[in-house]
Amino acid sequence: MPVRPARADDDLAALIDRVDRRSGYEALTEAALLAIEAGEGTTAIAEESGRLEGLGHRYSDHGRDVAETAVLPSVRARHAGPLLDALVAPGEDVWIWASDVETDVAARARGFEERRRLLELVRPLPIDEEPRFPSGVAVDTFTPDADEDELIRVNNAAFEGHPDNSSWDRAELAERMARAWFRPEDIAIASIDGAMVGFCWTKLHPGDVGEIYVIGVHPDAQGMGLGRALVLQGLDHMHRDRGATSGILYTEADNTGARALYESLGFGELRVQRGLSRG
């Protein structure tokens with residue numbers, strides 16, 4: 001059988017890197033990568049003639065079971081279904097993130113339906129537009145401890161009801177800040193009269209790719225152009241200070257306002273990431 005359980009001697013990091021380079025994007029979500037790194041969850045390997053061609057991983061994310069795949073593009077159609085079968089029992093309901101068409105098709109053939117659609121957008125850097133912040137807005141760099149409660153307040157107001165970014169607390173923020181790539185200077189904060197009204201949290205990926213990781217504007221400060229200025233600030237920082245040559249971000253497919261903003265800044269679609277479940 002081409003699919004088997006992962007073994008201790010499997011070089012999963014090298015396999016994931018190979019899949020990412022062939023795909024042109026990161027095939028697994030950050031949550032999946034963190035789970036694999038920590039040895040949490042279950043991994044299935046797609047192997048052909050001794051050559052590792054892909055993997056599937058099942059893990060728990062905030063109490064929800066999630067399954068993902070990362071397979072070399074040339075053999076996705078062959079391995080996507082068997083990898084899902086190795087991770088998900090017939091009739092069992094888990095959340096599947098499908099980062100490619102083949103996994104999406106395989107999941108739908110097994111009774112899963114699309115529940116969420118994310119767009120990964122990309123544009124080259126630098127960008128030929130300077131950030132213009134509204135009058136009275138001060139911009140500074142995030143300071144751990146001193147700014148944490150304010151960032152949580154703004155984030156939770158901006159993302160109320162969002163499945164990933166709502167209801168942050170100190171523990172959630174600390175977990176994100178503990179990740180290897182975190183740098184306080186990669187978070188720009190915007191304030192009015194000393195109160196934070198928005199922030200842009202950026203992240204540098206391998207290959208000189210800068211991501212707008214989280215951007216939040218408090219509802220009371222929306223409609224004044226602050227979001228556009230913060231995105232531009234983040235992209236400029238990623239290019240000027242971190243050497244990024246391209247910028248990426250994720251947005252909900254049905255968030256027409258955000259999509260219009262990003263398209264006006266020259267972002268184009270790199271891929272569609274679908275969330276599917278049976279329930």
# chains A, B, ... in the order shown; residues from 1 in each chain; ligands from 1
>>> residues_around(residues="segment 137-148 of chain A", least_positions_apart="6", cutoff="9 Å", atoms="only C-alpha atoms", output="list in words")
Arg170, Leu173, Pro184, Glu185, Asp186, Ile187, Ala188, Ile189, Ala190, Ser191, Ile192, Asp193, Gly194, Met196, Val197, Phe199 and Leu226 of chain A
>>> write_last_selection(atoms="N, CA, C and O atoms", output="tab-separated table (two decimals), in the first residue's frame")
chain	number	residue	atom	x	y	z
A	170	ARG	N	-4.79	36.30	27.30
A	170	ARG	CA	-3.34	36.36	27.51
A	170	ARG	C	-2.66	35.05	27.10
A	170	ARG	O	-1.56	35.06	26.53
A	173	LEU	N	-2.44	34.84	23.23
A	173	LEU	CA	-1.42	35.75	22.73
A	173	LEU	C	-0.02	35.25	23.08
A	173	LEU	O	0.89	35.28	22.25
A	184	PRO	N	8.83	41.29	18.29
A	184	PRO	CA	7.96	42.41	18.65
A	184	PRO	C	7.96	43.53	17.62
A	184	PRO	O	6.92	44.17	17.38
A	185	GLU	N	9.10	43.77	16.97
A	185	GLU	CA	9.19	44.86	16.01
A	185	GLU	C	8.41	44.58	14.73
A	185	GLU	O	8.27	45.47	13.88
A	186	ASP	N	7.88	43.39	14.59
A	186	ASP	CA	7.05	43.07	13.43
A	186	ASP	C	5.58	43.41	13.65
A	186	ASP	O	4.74	43.10	12.80
A	187	ILE	N	5.26	44.03	14.77
A	187	ILE	CA	3.90	44.48	15.04
A	187	ILE	C	3.90	46.00	15.14
A	187	ILE	O	4.56	46.58	16.01
A	188	ALA	N	3.17	46.64	14.22
A	188	ALA	CA	2.98	48.09	14.28
A	188	ALA	C	1.64	48.36	14.95
A	188	ALA	O	0.63	47.71	14.64
A	189	ILE	N	1.61	49.31	15.88
A	189	ILE	CA	0.36	49.67	16.55
A	189	ILE	C	0.03	51.12	16.26
A	189	ILE	O	0.90	51.98	16.16
A	190	ALA	N	-1.26	51.38	16.10
A	190	ALA	CA	-1.76	52.74	15.84
A	190	ALA	C	-2.62	53.16	17.01
A	190	ALA	O	-3.48	52.39	17.47
A	191	SER	N	-2.40	54.37	17.49
A	191	SER	CA	-3.12	54.86	18.66
A	191	SER	C	-3.65	56.27	18.43
A	191	SER	O	-3.10	57.05	17.65
A	192	ILE	N	-4.74	56.58	19.12
A	192	ILE	CA	-5.30	57.92	19.15
A	192	ILE	C	-5.43	58.32	20.62
A	192	ILE	O	-6.09	57.62	21.40
A	193	ASP	N	-4.79	59.42	20.98
A	193	ASP	CA	-4.81	59.90	22.38
A	193	ASP	C	-4.39	58.81	23.36
A	193	ASP	O	-4.97	58.66	24.45
A	194	GLY	N	-3.40	58.03	22.96
A	194	GLY	CA	-2.85	57.02	23.85
A	194	GLY	C	-3.59	55.69	23.88
A	194	GLY	O	-3.13	54.75	24.53
A	196	MET	N	-4.93	52.37	21.84
A	196	MET	CA	-4.71	51.62	20.61
A	196	MET	C	-6.03	51.49	19.85
A	196	MET	O	-7.06	51.16	20.41
A	197	VAL	N	-5.95	51.75	18.54
A	197	VAL	CA	-7.13	51.62	17.67
A	197	VAL	C	-6.91	50.63	16.53
A	197	VAL	O	-7.86	50.28	15.82
A	199	PHE	N	-3.74	47.60	14.69
A	199	PHE	CA	-2.39	47.03	14.66
A	199	PHE	C	-2.22	46.22	13.39
A	199	PHE	O	-3.19	45.74	12.79
A	226	LEU	N	-7.59	53.74	8.06
A	226	LEU	CA	-6.54	53.22	8.93
A	226	LEU	C	-6.08	51.84	8.47
A	226	LEU	O	-4.88	51.53	8.53
>>> select_by_dssp(residues="segment 20-264 of chain A", states="helix (DSSP H, G or I)", output="PyMOL selection string")
chain A and resi 20-23+30-37+73-87+101-109+148-158+170-177+184-186+219-221+226-240+256-264
>>> residues_around(residues="Trp181 of chain A", least_positions_apart="3", cutoff="10 Å", atoms="only C-alpha atoms", output="list in words")
Arg176, Met177, Ala178, Asp186, Lys203, Leu204 and His205 of chain A
>>> residues_around(residues="segment 268-278 of chain A", least_positions_apart="3", cutoff="8 Å", atoms="only C-alpha atoms", output="PyMOL selection string")
chain A and resi 91-100+104+107+111-123+263
>>> select_by_dssp(residues="segment 25-260 of chain A", states="strand (DSSP E or B)", output="ChimeraX atom specification")
/A:42-48,51-61,64-71,95-98,113-124,137-141,187-192,195-205,209-217,246-252
>>> atom_distance(atom1="atom CA of Ala260 of chain A", atom2="atom CA of Phe159 of chain A")
18.3 Å
>>> closest_residue(among="A:Asp220, A:Glu130, A:Asp10, A:Asp241", to="Gly50 of chain A", atoms="only C-alpha atoms")
A:Asp10
>>> closest_residue(among="A:Ser167, A:Ala180, A:Thr251, A:Gly136", to="Met224 of chain A", atoms="only C-alpha atoms")
A:Gly136
